[in-house]
$ cat upload.cif   # mmCIF, C-alpha atoms
data_query
loop_
_atom_site.label_atom_id
_atom_site.label_comp_id
_atom_site.auth_asym_id
_atom_site.auth_seq_id
_atom_site.Cartn_x
_atom_site.Cartn_y
_atom_site.Cartn_z
CA MET L 8 10.21 -8.16 -23.97
CA THR L 9 13.61 -6.96 -25.00
CA PRO L 10 16.45 -6.48 -22.55
CA SER L 11 17.95 -3.04 -22.58
CA SER L 12 20.66 -1.29 -20.67
CA THR L 13 19.08 1.55 -18.78
CA THR L 14 21.24 2.57 -15.87
CA GLU L 15 24.07 5.05 -15.70
CA PRO L 16 26.61 3.63 -13.25
CA GLY L 17 27.39 6.02 -10.43
CA ALA L 18 24.18 8.00 -10.63
CA SER L 19 22.41 8.19 -7.28
CA THR L 20 18.96 7.48 -8.66
CA PRO L 21 19.32 6.05 -12.13
CA SER L 22 16.22 6.69 -14.20
CA ILE L 23 14.94 3.38 -15.41
CA ASP L 24 12.25 2.85 -17.99
CA PRO L 25 9.50 0.96 -16.06
CA ASP L 26 8.74 -1.23 -19.06
CA SER L 27 12.30 -2.44 -19.36
CA VAL L 28 12.64 -4.19 -15.99
CA TRP L 29 11.14 -6.92 -13.88
CA VAL L 30 10.60 -6.32 -10.18
CA CYS L 31 10.50 -9.11 -7.62
CA PRO L 32 7.13 -8.92 -5.80
CA VAL L 33 8.69 -10.38 -2.65
CA CYS L 34 11.89 -8.40 -2.10
CA ASP L 35 11.47 -5.50 -4.59
CA LEU L 36 14.77 -6.23 -6.37
CA ILE L 37 15.08 -5.04 -9.99
CA HIS L 38 15.93 -7.55 -12.69
CA GLU L 39 16.61 -7.26 -16.37
CA PRO L 40 14.02 -9.27 -18.32
CA VAL L 41 15.26 -12.43 -19.96
CA HIS L 42 13.66 -14.77 -22.44
CA VAL L 43 12.32 -17.93 -20.77
CA GLU L 44 11.25 -21.09 -22.55
CA PRO L 45 8.04 -22.81 -21.39
CA GLY L 46 8.87 -25.44 -18.80
CA TYR L 47 11.68 -23.34 -17.33
CA GLY L 48 11.49 -20.66 -14.69
CA VAL L 49 13.61 -17.78 -13.46
CA VAL L 50 14.06 -17.00 -9.78
CA CYS L 51 14.98 -13.81 -7.96
CA ARG L 52 18.69 -13.47 -7.31
CA ARG L 53 18.18 -12.24 -3.75
CA CYS L 54 15.16 -14.01 -2.27
CA GLY L 55 14.68 -17.00 -4.56
CA HIS L 56 11.08 -16.18 -5.50
CA THR L 57 10.00 -17.49 -8.92
CA LEU L 58 9.77 -14.39 -11.09
CA TYR L 59 8.45 -16.00 -14.22
CA ALA L 60 7.70 -19.56 -15.29
CA PRO L 61 5.87 -19.60 -18.62
CA LYS L 62 3.45 -22.41 -19.37
CA LYS L 63 3.02 -24.25 -22.63
CA ASP L 64 -0.27 -23.55 -24.48
CA SER L 65 -1.51 -21.73 -21.40
CA ILE L 66 -4.61 -20.15 -22.98
CA GLU L 67 -5.91 -23.34 -24.58
CA ARG L 68 -5.21 -25.53 -21.57
CA THR L 69 -6.69 -23.11 -19.05
CA MET L 70 -9.80 -22.87 -21.21
CA ALA L 71 -10.15 -26.66 -21.51
CA TYR L 72 -9.70 -27.29 -17.77
CA ALA L 73 -12.04 -24.45 -16.78
CA LEU L 74 -14.76 -25.66 -19.14
CA THR L 75 -14.45 -29.23 -17.83
CA GLY L 76 -14.66 -27.86 -14.29
CA LEU L 77 -17.83 -25.93 -15.10
CA LEU L 78 -19.45 -29.06 -16.54
CA LEU L 79 -18.56 -31.04 -13.41
CA PHE L 80 -19.56 -28.31 -10.99
CA ILE L 81 -23.29 -29.03 -10.63
CA PRO L 82 -23.05 -32.85 -10.27
CA ALA L 83 -20.06 -32.56 -7.92
CA ASN L 84 -21.79 -30.21 -5.51
CA PHE L 85 -25.47 -31.06 -5.75
CA LEU L 86 -25.47 -34.86 -6.16
CA PRO L 87 -24.99 -37.04 -3.06
CA VAL L 88 -21.33 -37.62 -2.16
CA MET L 89 -21.90 -40.90 -0.36
CA THR L 90 -24.51 -42.95 1.40
CA LEU L 91 -24.07 -44.32 4.90
CA ASN L 92 -25.92 -47.43 5.98
CA ILE L 93 -26.30 -48.29 9.68
CA LEU L 94 -28.75 -51.10 10.49
CA GLY L 95 -30.74 -50.41 7.36
CA ILE L 96 -31.09 -46.69 8.02
CA GLU L 97 -29.47 -44.56 5.35
CA GLY L 98 -27.82 -41.17 5.60
CA THR L 99 -26.84 -39.30 2.48
CA GLY L 100 -26.09 -35.80 1.32
CA SER L 101 -24.24 -33.49 -1.06
CA ILE L 102 -21.65 -30.77 -0.58
CA TYR L 103 -24.46 -28.24 -0.92
CA ASP L 104 -26.41 -29.97 1.89
CA SER L 105 -23.38 -29.63 4.16
CA VAL L 106 -23.55 -25.85 3.78
CA THR L 107 -27.28 -25.62 4.42
CA ALA L 108 -26.93 -27.90 7.46
CA PHE L 109 -24.78 -25.26 9.19
CA TRP L 110 -27.31 -22.59 8.23
CA ASP L 111 -30.28 -24.60 9.53
CA GLN L 112 -28.59 -25.07 12.89
CA GLY L 113 -28.02 -21.33 13.23
CA TYR L 114 -24.26 -21.31 12.52
CA TYR L 115 -24.65 -18.53 9.97
CA PHE L 116 -21.04 -17.35 9.95
CA VAL L 117 -19.69 -20.89 9.45
CA ALA L 118 -22.34 -21.58 6.79
CA ILE L 119 -21.41 -18.44 4.85
CA ILE L 120 -17.66 -19.15 5.00
CA VAL L 121 -18.08 -22.82 4.02
CA GLY L 122 -20.52 -21.85 1.26
CA LEU L 123 -18.20 -19.22 -0.14
CA THR L 124 -15.02 -21.31 0.01
CA SER L 125 -16.45 -24.58 -1.27
CA LEU L 126 -19.20 -23.44 -3.69
CA VAL L 127 -19.29 -19.76 -4.63
CA PHE L 128 -15.58 -18.92 -5.00
CA PRO L 129 -14.62 -22.09 -6.91
CA PHE L 130 -17.53 -21.47 -9.29
CA ILE L 131 -16.68 -17.80 -9.85
CA LYS L 132 -13.02 -18.70 -10.35
CA LEU L 133 -13.74 -21.38 -12.95
CA SER L 134 -16.21 -19.11 -14.76
CA LEU L 135 -13.76 -16.21 -14.84
CA LEU L 136 -10.91 -18.43 -16.01
CA PHE L 137 -13.10 -19.77 -18.78
CA ILE L 138 -14.36 -16.34 -19.86
CA ILE L 139 -10.86 -14.80 -19.81
CA SER L 140 -9.12 -17.64 -21.66
CA PHE L 141 -11.98 -17.90 -24.16
CA CYS L 142 -11.79 -14.15 -24.86
CA LEU L 143 -8.04 -14.36 -25.38
CA PHE L 144 -8.49 -17.46 -27.54
CA ILE L 145 -10.95 -15.80 -29.94
CA ARG L 146 -9.10 -12.49 -29.62
CA ARG L 147 -12.00 -10.47 -28.30
CA TYR L 148 -11.19 -8.03 -25.53
CA PRO L 149 -14.22 -6.82 -23.54
CA SER L 150 -13.47 -3.86 -21.28
CA ASP L 151 -14.12 -5.90 -18.12
CA LEU L 152 -11.27 -8.31 -18.83
CA PRO L 153 -8.73 -6.63 -16.48
CA ALA L 154 -11.30 -6.58 -13.66
CA PHE L 155 -12.05 -10.30 -14.21
CA MET L 156 -8.36 -11.12 -14.19
CA ARG L 157 -7.82 -9.23 -10.94
CA LEU L 158 -10.79 -10.87 -9.25
CA CYS L 159 -9.46 -14.27 -10.31
CA HIS L 160 -6.07 -13.43 -8.81
CA HIS L 161 -7.60 -12.48 -5.45
CA LEU L 162 -9.96 -15.48 -5.30
CA ASP L 163 -7.08 -17.90 -5.65
CA GLU L 164 -6.58 -18.73 -1.99
CA TRP L 165 -10.23 -18.46 -1.02
CA ALA L 166 -11.37 -21.36 -3.19
CA MET L 167 -10.69 -24.43 -1.04
CA LEU L 168 -11.81 -27.49 -2.99
CA GLU L 169 -8.66 -29.46 -2.20
CA VAL L 170 -9.09 -28.77 1.52
CA TYR L 171 -12.68 -30.01 1.29
CA MET L 172 -11.39 -33.11 -0.50
CA LEU L 173 -9.09 -33.89 2.45
CA GLY L 174 -12.09 -33.26 4.72
CA ILE L 175 -14.06 -35.91 2.81
CA LEU L 176 -11.21 -38.38 3.25
CA VAL L 177 -11.02 -37.69 6.99
CA ALA L 178 -14.81 -38.15 7.28
CA ILE L 179 -14.53 -41.49 5.48
CA ILE L 180 -11.83 -42.67 7.89
CA LYS L 181 -13.97 -41.56 10.83
CA LEU L 182 -17.05 -43.39 9.57
CA HIS L 183 -15.82 -46.56 7.94
CA HIS L 184 -15.72 -48.47 11.26
CA MET L 185 -19.31 -47.82 12.16
CA ALA L 186 -21.18 -47.92 8.90
CA HIS L 187 -21.19 -49.31 5.42
CA ILE L 188 -20.25 -46.52 3.01
CA HIS L 189 -21.48 -46.43 -0.55
CA TYR L 190 -19.75 -43.88 -2.75
CA ASP L 191 -22.15 -42.00 -4.99
CA ILE L 192 -21.67 -40.22 -8.29
CA GLY L 193 -21.08 -36.90 -6.51
CA PHE L 194 -17.91 -38.32 -4.94
CA MET L 195 -16.33 -39.13 -8.30
CA CYS L 196 -17.42 -35.79 -9.76
CA PHE L 197 -15.98 -33.92 -6.78
CA ILE L 198 -12.58 -35.61 -7.14
CA ALA L 199 -12.58 -34.80 -10.85
CA LEU L 200 -13.67 -31.21 -10.16
CA MET L 201 -10.85 -30.73 -7.69
CA VAL L 202 -8.21 -32.17 -10.05
CA VAL L 203 -9.47 -30.06 -12.97
CA THR L 204 -9.62 -26.87 -10.87
CA LEU L 205 -6.05 -27.39 -9.67
CA SER L 206 -4.94 -28.09 -13.25
CA SER L 207 -6.55 -24.88 -14.48
CA SER L 208 -4.63 -22.90 -11.86
CA VAL L 209 -1.40 -24.62 -12.83
CA ALA L 210 -1.99 -24.03 -16.55
CA LEU L 211 -2.68 -20.30 -16.04
CA ASP L 212 0.23 -18.11 -17.08
CA GLU L 213 -0.70 -14.77 -15.49
CA HIS L 214 2.26 -12.99 -17.06
CA LEU L 215 1.18 -14.01 -20.56
CA PHE L 216 -2.51 -13.24 -19.89
CA TRP L 217 -1.72 -9.74 -18.64
CA GLU L 218 0.59 -9.10 -21.56
CA ARG L 219 -2.10 -10.13 -24.04
CA ILE L 220 -4.66 -7.96 -22.26
CA GLU L 221 -2.31 -4.99 -22.28
CA LYS L 222 -1.52 -5.31 -25.96
CA ARG L 223 -5.16 -5.60 -26.93
CA PRO L 224 -6.24 -3.49 -29.90
CA ARG L 225 -8.38 -0.61 -28.71
CA MET B 72 18.80 -19.80 -16.26
CA SER B 73 19.01 -16.71 -14.16
CA PRO B 74 17.78 -13.19 -14.86
CA GLY B 75 20.32 -10.69 -16.08
CA GLU B 76 22.18 -8.47 -13.69
CA LEU B 77 21.64 -4.76 -13.37
CA PRO B 78 24.34 -2.50 -11.97
CA GLN B 79 24.20 -2.33 -8.19
CA GLN B 80 24.32 0.90 -6.25
CA ASN B 81 27.30 1.18 -3.86
CA ASP B 82 27.14 -2.60 -3.42
CA GLN B 83 23.57 -2.16 -2.24
CA PRO B 84 21.02 -4.17 -4.18
CA LEU B 85 18.95 -1.91 -6.41
CA THR B 86 15.30 -2.15 -5.45
CA ALA B 87 12.35 -0.70 -7.30
CA ARG B 88 11.75 1.74 -4.46
CA LYS B 89 15.31 3.13 -4.72
CA ALA B 90 15.04 3.32 -8.47
CA GLY B 91 11.81 5.32 -8.25
CA LEU B 92 9.59 2.52 -9.47
CA ILE B 93 6.47 0.83 -8.11
CA LEU B 94 5.35 -2.71 -8.78
CA CYS B 95 1.60 -3.29 -9.14
CA LEU B 96 0.97 -6.29 -6.89
CA ASP B 97 -2.13 -7.37 -8.82
CA CYS B 98 -0.74 -7.60 -12.34
CA HIS B 99 3.01 -7.14 -11.73
CA LYS B 100 3.30 -4.14 -14.03
CA VAL B 101 6.17 -1.79 -13.20
CA LEU B 102 5.18 1.87 -12.92
CA PRO B 103 6.97 5.14 -12.12
CA LYS B 104 6.78 6.31 -8.51
CA GLU B 105 4.63 9.29 -9.51
CA MET B 106 1.76 6.79 -9.75
CA GLU B 107 1.73 6.20 -5.96
CA GLY B 108 -1.86 5.82 -4.78
CA GLU B 109 -3.30 5.93 -8.30
CA HIS B 110 -4.87 3.18 -10.37
CA CYS B 111 -2.68 0.83 -12.39
CA PRO B 112 -3.29 1.60 -16.10
CA ARG B 113 -3.26 -2.11 -16.93
CA CYS B 114 -5.40 -3.73 -14.22
CA GLY B 115 -7.03 -0.85 -12.34
CA ALA B 116 -5.74 -1.77 -8.87
CA ARG B 117 -4.38 1.00 -6.65
CA VAL B 118 -0.61 0.90 -6.62
CA TYR B 119 1.62 1.66 -3.67
CA SER B 120 5.35 1.30 -3.24
CA ARG B 121 4.53 -0.50 0.04
CA VAL B 122 1.04 -1.54 1.13
CA PRO B 123 -0.22 1.33 3.37
CA ASN B 124 -0.50 0.52 7.10
CA SER B 125 0.43 -3.09 6.40
CA ILE B 126 2.09 -3.63 9.81
CA VAL B 127 -0.81 -2.21 11.82
CA LYS B 128 -3.42 -4.19 9.88
CA THR B 129 -1.46 -7.42 10.20
CA TRP B 130 -1.06 -6.88 13.96
CA ALA B 131 -4.83 -6.34 14.22
CA TRP B 132 -5.61 -9.59 12.40
CA VAL B 133 -3.00 -11.60 14.33
CA ILE B 134 -4.27 -10.36 17.69
CA THR B 135 -7.84 -11.14 16.60
CA ALA B 136 -6.72 -14.64 15.63
CA ALA B 137 -4.88 -15.16 18.93
CA ILE B 138 -7.94 -14.12 20.94
CA LEU B 139 -10.31 -16.33 18.94
CA PHE B 140 -7.85 -19.23 19.22
CA ILE B 141 -8.69 -19.65 22.93
CA PRO B 142 -12.46 -20.28 22.65
CA ALA B 143 -11.86 -22.21 19.43
CA ASN B 144 -9.83 -24.78 21.34
CA LEU B 145 -11.65 -24.76 24.67
CA LEU B 146 -15.24 -24.90 23.40
CA PRO B 147 -16.62 -28.04 21.78
CA ILE B 148 -16.80 -27.85 18.00
CA MET B 149 -18.83 -31.01 17.44
CA GLN B 150 -21.72 -32.71 19.18
CA VAL B 151 -22.48 -36.41 18.78
CA ASP B 152 -25.91 -37.64 19.83
CA TYR B 153 -25.79 -41.44 20.10
CA LEU B 154 -28.99 -43.19 21.30
CA GLY B 155 -30.00 -40.07 23.19
CA ARG B 156 -26.63 -39.66 24.90
CA ILE B 157 -25.16 -36.29 23.93
CA GLU B 158 -21.41 -36.00 23.83
CA GLN B 159 -19.62 -32.79 22.93
CA SER B 160 -16.04 -32.86 21.77
CA THR B 161 -13.37 -30.22 21.39
CA ILE B 162 -10.70 -30.32 18.70
CA MET B 163 -8.27 -32.05 21.07
CA ASP B 164 -10.89 -34.70 21.94
CA GLY B 165 -11.23 -35.52 18.25
CA ILE B 166 -7.49 -35.90 17.88
CA ILE B 167 -7.20 -38.07 21.02
CA TYR B 168 -10.03 -40.24 19.66
CA PHE B 169 -8.03 -40.99 16.51
CA PHE B 170 -4.90 -41.79 18.52
CA GLN B 171 -6.83 -44.16 20.81
CA GLU B 172 -8.37 -45.83 17.78
CA GLY B 173 -4.88 -46.44 16.48
CA SER B 174 -5.34 -44.19 13.41
CA TYR B 175 -2.10 -42.31 14.06
CA GLY B 176 -1.74 -41.01 10.50
CA ILE B 177 -5.08 -39.26 10.42
CA GLY B 178 -4.63 -38.10 14.01
CA ILE B 179 -1.40 -36.39 13.04
CA VAL B 180 -3.03 -34.81 9.97
CA ILE B 181 -5.81 -33.27 12.10
CA LEU B 182 -3.44 -32.31 14.90
CA THR B 183 -1.27 -30.53 12.34
CA ALA B 184 -4.10 -28.82 10.46
CA SER B 185 -6.20 -27.77 13.45
CA VAL B 186 -3.79 -27.03 16.29
CA LEU B 187 -0.18 -26.84 15.14
CA VAL B 188 -0.83 -24.83 11.96
CA PRO B 189 -2.90 -22.02 13.59
CA CYS B 190 -0.38 -21.87 16.45
CA PHE B 191 2.56 -21.80 14.07
CA LYS B 192 0.87 -19.15 11.93
CA ILE B 193 0.19 -16.80 14.82
CA ILE B 194 3.69 -17.18 16.27
CA GLY B 195 5.32 -16.99 12.82
CA ILE B 196 3.53 -13.79 11.80
CA VAL B 197 4.31 -12.18 15.18
CA LEU B 198 7.99 -13.06 14.69
CA ILE B 199 7.97 -11.58 11.19
CA LEU B 200 6.24 -8.40 12.39
CA LEU B 201 8.73 -8.01 15.23
CA SER B 202 11.64 -8.57 12.89
CA VAL B 203 10.38 -5.76 10.62
CA GLN B 204 9.75 -3.36 13.50
CA LEU B 205 12.95 -4.14 15.39
CA HIS B 206 15.06 -4.28 12.17
CA TRP B 207 16.34 -7.81 12.57
CA LYS B 208 18.14 -8.20 9.27
CA SER B 209 19.39 -11.77 9.53
CA TRP B 210 17.84 -14.96 8.15
CA LEU B 211 15.90 -12.94 5.55
CA ARG B 212 15.55 -15.79 3.09
CA HIS B 213 14.39 -18.13 5.85
CA LYS B 214 11.87 -15.63 7.16
CA THR B 215 10.56 -15.10 3.64
CA ALA B 216 10.26 -18.85 3.15
CA MET B 217 8.44 -19.11 6.48
CA PHE B 218 6.04 -16.37 5.40
CA HIS B 219 5.29 -18.15 2.12
CA PHE B 220 4.73 -21.36 4.04
CA ILE B 221 2.31 -19.55 6.37
CA GLU B 222 0.50 -18.12 3.34
CA PHE B 223 0.26 -21.56 1.76
CA ILE B 224 -0.93 -23.59 4.74
CA GLY B 225 -3.46 -21.03 5.99
CA ARG B 226 -6.40 -22.48 4.11
CA TRP B 227 -5.72 -26.06 5.21
CA SER B 228 -6.89 -25.24 8.74
CA MET B 229 -10.45 -25.21 7.41
CA LEU B 230 -10.14 -29.00 7.29
CA ASP B 231 -11.91 -29.66 10.59
CA ILE B 232 -14.84 -27.45 9.63
CA PHE B 233 -15.28 -29.30 6.34
CA VAL B 234 -15.16 -32.64 8.16
CA ILE B 235 -17.96 -31.51 10.48
CA ALA B 236 -19.87 -30.09 7.50
CA LEU B 237 -19.92 -33.49 5.86
CA LEU B 238 -20.42 -35.58 9.02
CA GLN B 239 -23.51 -33.66 10.07
CA VAL B 240 -25.12 -34.38 6.71
CA LEU B 241 -24.17 -38.07 6.54
CA VAL B 242 -24.72 -39.01 10.19
CA HIS B 243 -28.33 -38.01 10.43
CA PHE B 244 -30.21 -41.07 11.64
CA GLY B 245 -33.15 -39.67 13.58
CA ASN B 246 -33.27 -41.21 17.06
CA LEU B 247 -30.28 -43.45 16.54
CA SER B 248 -27.41 -41.04 16.02
CA ASN B 249 -26.84 -37.47 14.93
CA ILE B 250 -23.80 -35.28 14.52
CA THR B 251 -24.13 -31.51 14.71
CA ALA B 252 -21.74 -28.59 15.01
CA ALA B 253 -21.18 -26.92 18.38
CA ARG B 254 -20.34 -23.37 19.47
CA GLY B 255 -16.58 -23.62 19.00
CA ALA B 256 -17.01 -24.04 15.23
CA THR B 257 -17.75 -20.33 14.78
CA TYR B 258 -14.63 -19.29 16.70
CA PHE B 259 -12.52 -21.84 14.88
CA THR B 260 -13.65 -20.52 11.48
CA GLY B 261 -12.88 -17.03 12.78
CA VAL B 262 -9.29 -18.06 13.60
CA VAL B 263 -8.74 -19.42 10.09
CA ILE B 264 -10.17 -16.32 8.41
CA ALA B 265 -8.25 -13.92 10.67
CA THR B 266 -4.91 -15.66 10.09
CA MET B 267 -5.52 -15.72 6.33
CA PHE B 268 -6.22 -11.98 6.34
CA ALA B 269 -3.12 -11.42 8.48
CA ALA B 270 -1.01 -13.08 5.78
CA ILE B 271 -2.78 -11.20 2.97
CA THR B 272 -2.42 -7.73 4.53
CA PHE B 273 1.29 -8.20 5.27
CA ASP B 274 3.61 -6.69 2.66
CA VAL B 275 6.54 -9.11 2.60
CA ARG B 276 8.77 -6.50 0.91
CA LEU B 277 8.98 -4.72 4.28
CA LEU B 278 11.19 -7.58 5.51
CA TRP B 279 13.78 -6.77 2.85
CA ASP B 280 13.78 -2.95 3.17
CA ASP B 281 16.78 -1.39 4.83
#
$ encode --input "upload.cif" --output "structure tokens"
Amino acid sequence: MTPSSTTEPGASTPSIDPDSVWVCPVCDLIHEPVHVEPGYGVVCRRCGHTLYAPKKDSIERTMAYALTGLLLFIPANFLPVMTLNILGIEGTGSIYDSVTAFWDQGYYFVAIIVGLTSLVFPFIKLSLLFIISFCLFIRRYPSDLPAFMRLCHHLDEWAMLEVYMLGILVAIIKLHHMAHIHYDIGFMCFIALMVVTLSSSVALDEHLFWERIEKRPR
Amino acid sequence: MSPGELPQQNDQPLTARKAGLILCLDCHKVLPKEMEGEHCPRCGARVYSRVPNSIVKTWAWVITAAILFIPANLLPIMQVDYLGRIEQSTIMDGIIYFFQEGSYGIGIVILTASVLVPCFKIIGIVLILLSVQLHWKSWLRHKTAMFHFIEFIGRWSMLDIFVIALLQVLVHFGNLSNITAARGATYFTGVVIATMFAAITFDVRLLWDD
């Protein structure tokens, strides 16, 4: 983007070329675009919101993290997380089992919300991130790309892997007095899945992705 | 580094609305105000200078959350069956259990996530709504920071539900001991969802409008 001077001082409503300004999404203040190096960020003059913080190698890194996440997804959610042993009786289960347990007891609303936030949304988000970054990487631009990107944006706060991770830790603290806990492969995979999912969100440079999508050859 | 300055209008900060521009909230493209209500050419989302009926919708979600908050805290959310003795516990019971056990750290984490955060969210959003409607123009940066904090912590209230989700799968020992969810869990999930929607439907730019 190139900075340009667009306003006539003194005019009541200066006509500004929409493509020549940045607007703060929090306080609506207009800013003149500036060049920002990866690793730095610019904040809004009035409210302090981060307007733009470019990421280094965003496309490649997002793609790598999202692909790793997709590979980990099945073992993390469908393999047992841990095994409890009380007097020789064992209790074990996976993240997926924890969703169906709510359903089986008749807590349909809770089951649906837990299922969406811990399984469905994280999976859709990783898949979309992979598809989008892969498309940008090989420079193919299917017509659904903007819709994917928007969906990804809205799913952001509904995918709650890190909250589930804290839930696992709390459960461990609750149980470790009364039973012997054996950590299964699903536990390690879930930790890795959470770290990789967070990393993919951090690596995503939405500004750059949208710009690449906009400038796609049609 | 700071973004370049644009001329200000009569010492008033120049906002997109005053300049006849609209920001697409989905992809952050800047569009002329003639596009109001139409689809963004870049991402396809409908663009509005301010989210329509944002205040009313946010009030609706906050009031929903406040109503659900009562059964969520009074009804038991978890049921422990130990050697045939059934014991139901509310959120507060669970927190008191940790404090009695001496696990203060984890007790504080759950107290924060399950009780303080939903309370803080409901009160915080009500304060922000009132400050928009009654034109309280002070502490804008602080109120904005509070709103972002509310947005960020919303999801962490699901913690207790996830703990129960896992416990009921792991503690499943036939006649010896079982953990299951109880009625309050549905209301509690409802509180979390309602407060999250309250934060999503609120257009924070309204705070800054004169």
$ atom_distance --input "upload.cif" --atom1 "atom CA of B:Cys190" --atom2 "atom CA of L:Val170"
18.6 Å
$ resolve_selection --input "upload.cif" --expression "the PyMOL selection byres ((chain L and resi 185) around 12)" --output "PyMOL selection string"
(chain L and resi 91-94+178-184+186-188) or (chain B and resi 242+248)
$ resolve_selection --input "upload.cif" --expression "the PyMOL selection byres ((chain L) within 6 of (chain B))" --output "MDAnalysis selection string"
chainID L and resid 20 25 33:37 39 41 49 54 98:100 105 117 153 170:171 174 178
$ write_last_selection --input "upload.cif" --atoms "C-alpha atoms" --output "PDB file, in the coordinates of the input"
ATOM      1  CA  THR L  20      18.960   7.480  -8.660  1.00  0.00           C
ATOM      2  CA  PRO L  25       9.500   0.960 -16.060  1.00  0.00           C
ATOM      3  CA  VAL L  33       8.690 -10.380  -2.650  1.00  0.00           C
ATOM      4  CA  CYS L  34      11.890  -8.400  -2.100  1.00  0.00           C
ATOM      5  CA  ASP L  35      11.470  -5.500  -4.590  1.00  0.00           C
ATOM      6  CA  LEU L  36      14.770  -6.230  -6.370  1.00  0.00           C
ATOM      7  CA  ILE L  37      15.080  -5.040  -9.990  1.00  0.00           C
ATOM      8  CA  GLU L  39      16.610  -7.260 -16.370  1.00  0.00           C
ATOM      9  CA  VAL L  41      15.260 -12.430 -19.960  1.00  0.00           C
ATOM     10  CA  VAL L  49      13.610 -17.780 -13.460  1.00  0.00           C
ATOM     11  CA  CYS L  54      15.160 -14.010  -2.270  1.00  0.00           C
ATOM     12  CA  GLY L  98     -27.820 -41.170   5.600  1.00  0.00           C
ATOM     13  CA  THR L  99     -26.840 -39.300   2.480  1.00  0.00           C
ATOM     14  CA  GLY L 100     -26.090 -35.800   1.320  1.00  0.00           C
ATOM     15  CA  SER L 105     -23.380 -29.630   4.160  1.00  0.00           C
ATOM     16  CA  VAL L 117     -19.690 -20.890   9.450  1.00  0.00           C
ATOM     17  CA  PRO L 153      -8.730  -6.630 -16.480  1.00  0.00           C
ATOM     18  CA  VAL L 170      -9.090 -28.770   1.520  1.00  0.00           C
ATOM     19  CA  TYR L 171     -12.680 -30.010   1.290  1.00  0.00           C
ATOM     20  CA  GLY L 174     -12.090 -33.260   4.720  1.00  0.00           C
ATOM     21  CA  ALA L 178     -14.810 -38.150   7.280  1.00  0.00           C
TER      22      ALA L 178
END
$ resolve_selection --input "upload.cif" --expression "the PyMOL selection byres ((chain L and resi 130-138) around 8)" --output "list in words"
Thr69, Met70, Ala71, Ala73, Leu74, Gly76, Leu77, Phe80, Leu126, Val127, Phe128, Pro129, Ile139, Ser140, Phe141, Cys142, Phe155, Met156, Cys159, Leu162, Asp163, Ala166, Thr204 and Ser207 of chain L
$ write_last_selection --input "upload.cif" --atoms "C-alpha atoms" --output "mmCIF file, keeping the file's coordinate frame"
data_model
loop_
_atom_site.group_PDB
_atom_site.id
_atom_site.type_symbol
_atom_site.label_atom_id
_atom_site.label_comp_id
_atom_site.auth_asym_id
_atom_site.auth_seq_id
_atom_site.Cartn_x
_atom_site.Cartn_y
_atom_site.Cartn_z
ATOM 1 C CA THR L 69 -6.690 -23.110 -19.050
ATOM 2 C CA MET L 70 -9.800 -22.870 -21.210
ATOM 3 C CA ALA L 71 -10.150 -26.660 -21.510
ATOM 4 C CA ALA L 73 -12.040 -24.450 -16.780
ATOM 5 C CA LEU L 74 -14.760 -25.660 -19.140
ATOM 6 C CA GLY L 76 -14.660 -27.860 -14.290
ATOM 7 C CA LEU L 77 -17.830 -25.930 -15.100
ATOM 8 C CA PHE L 80 -19.560 -28.310 -10.990
ATOM 9 C CA LEU L 126 -19.200 -23.440 -3.690
ATOM 10 C CA VAL L 127 -19.290 -19.760 -4.630
ATOM 11 C CA PHE L 128 -15.580 -18.920 -5.000
ATOM 12 C CA PRO L 129 -14.620 -22.090 -6.910
ATOM 13 C CA ILE L 139 -10.860 -14.800 -19.810
ATOM 14 C CA SER L 140 -9.120 -17.640 -21.660
ATOM 15 C CA PHE L 141 -11.980 -17.900 -24.160
ATOM 16 C CA CYS L 142 -11.790 -14.150 -24.860
ATOM 17 C CA PHE L 155 -12.050 -10.300 -14.210
ATOM 18 C CA MET L 156 -8.360 -11.120 -14.190
ATOM 19 C CA CYS L 159 -9.460 -14.270 -10.310
ATOM 20 C CA LEU L 162 -9.960 -15.480 -5.300
ATOM 21 C CA ASP L 163 -7.080 -17.900 -5.650
ATOM 22 C CA ALA L 166 -11.370 -21.360 -3.190
ATOM 23 C CA THR L 204 -9.620 -26.870 -10.870
ATOM 24 C CA SER L 207 -6.550 -24.880 -14.480
#
$ atom_distance --input "upload.cif" --atom1 "atom CA of B:Phe140" --atom2 "atom CA of B:Val262"
5.9 Å
$ atom_distance --input "upload.cif" --atom1 "atom CA of L:His42" --atom2 "atom CA of L:Trp29"
11.9 Å
$ residues_around --input "upload.cif" --residues "L:Tyr59" --least-positions-apart "4" --cutoff "9 Å" --atoms "all atoms listed in the file" --output "JSON list (two decimals) with C-alpha atoms, keeping the file's coordinate frame"
[["chain", "number", "residue", "atom", "x", "y", "z"],
["L", 43, "VAL", "CA", 12.32, -17.93, -20.77],
["L", 47, "TYR", "CA", 11.68, -23.34, -17.33],
["L", 48, "GLY", "CA", 11.49, -20.66, -14.69],
["L", 49, "VAL", "CA", 13.61, -17.78, -13.46],
["L", 50, "VAL", "CA", 14.06, -17.00, -9.78],
["L", 212, "ASP", "CA", 0.23, -18.11, -17.08],
["L", 214, "HIS", "CA", 2.26, -12.99, -17.06]]
$ residues_around --input "upload.cif" --residues "B:Leu146" --least-positions-apart "3" --cutoff "8 Å" --atoms "only C-alpha atoms" --output "ChimeraX atom specification"
/B:142-143,161,254-255
$ decode --input "upload.cif" --residues "stretch 44-50 of chain L" --atoms "C-alpha atoms" --output "short mmCIF file (atom, residue, chain, number, x, y, z; two decimals), in the first residue's frame"
data_model
loop_
_atom_site.label_atom_id
_atom_site.label_comp_id
_atom_site.auth_asym_id
_atom_site.auth_seq_id
_atom_site.Cartn_x
_atom_site.Cartn_y
_atom_site.Cartn_z
CA GLU L 44 8.18 -4.80 8.96
CA PRO L 45 7.32 -8.34 10.15
CA GLY L 46 7.79 -8.56 13.89
CA TYR L 47 6.60 -4.99 14.43
CA GLY L 48 3.07 -3.72 14.85
CA VAL L 49 1.23 -0.43 14.58
CA VAL L 50 -1.41 0.64 17.09
#
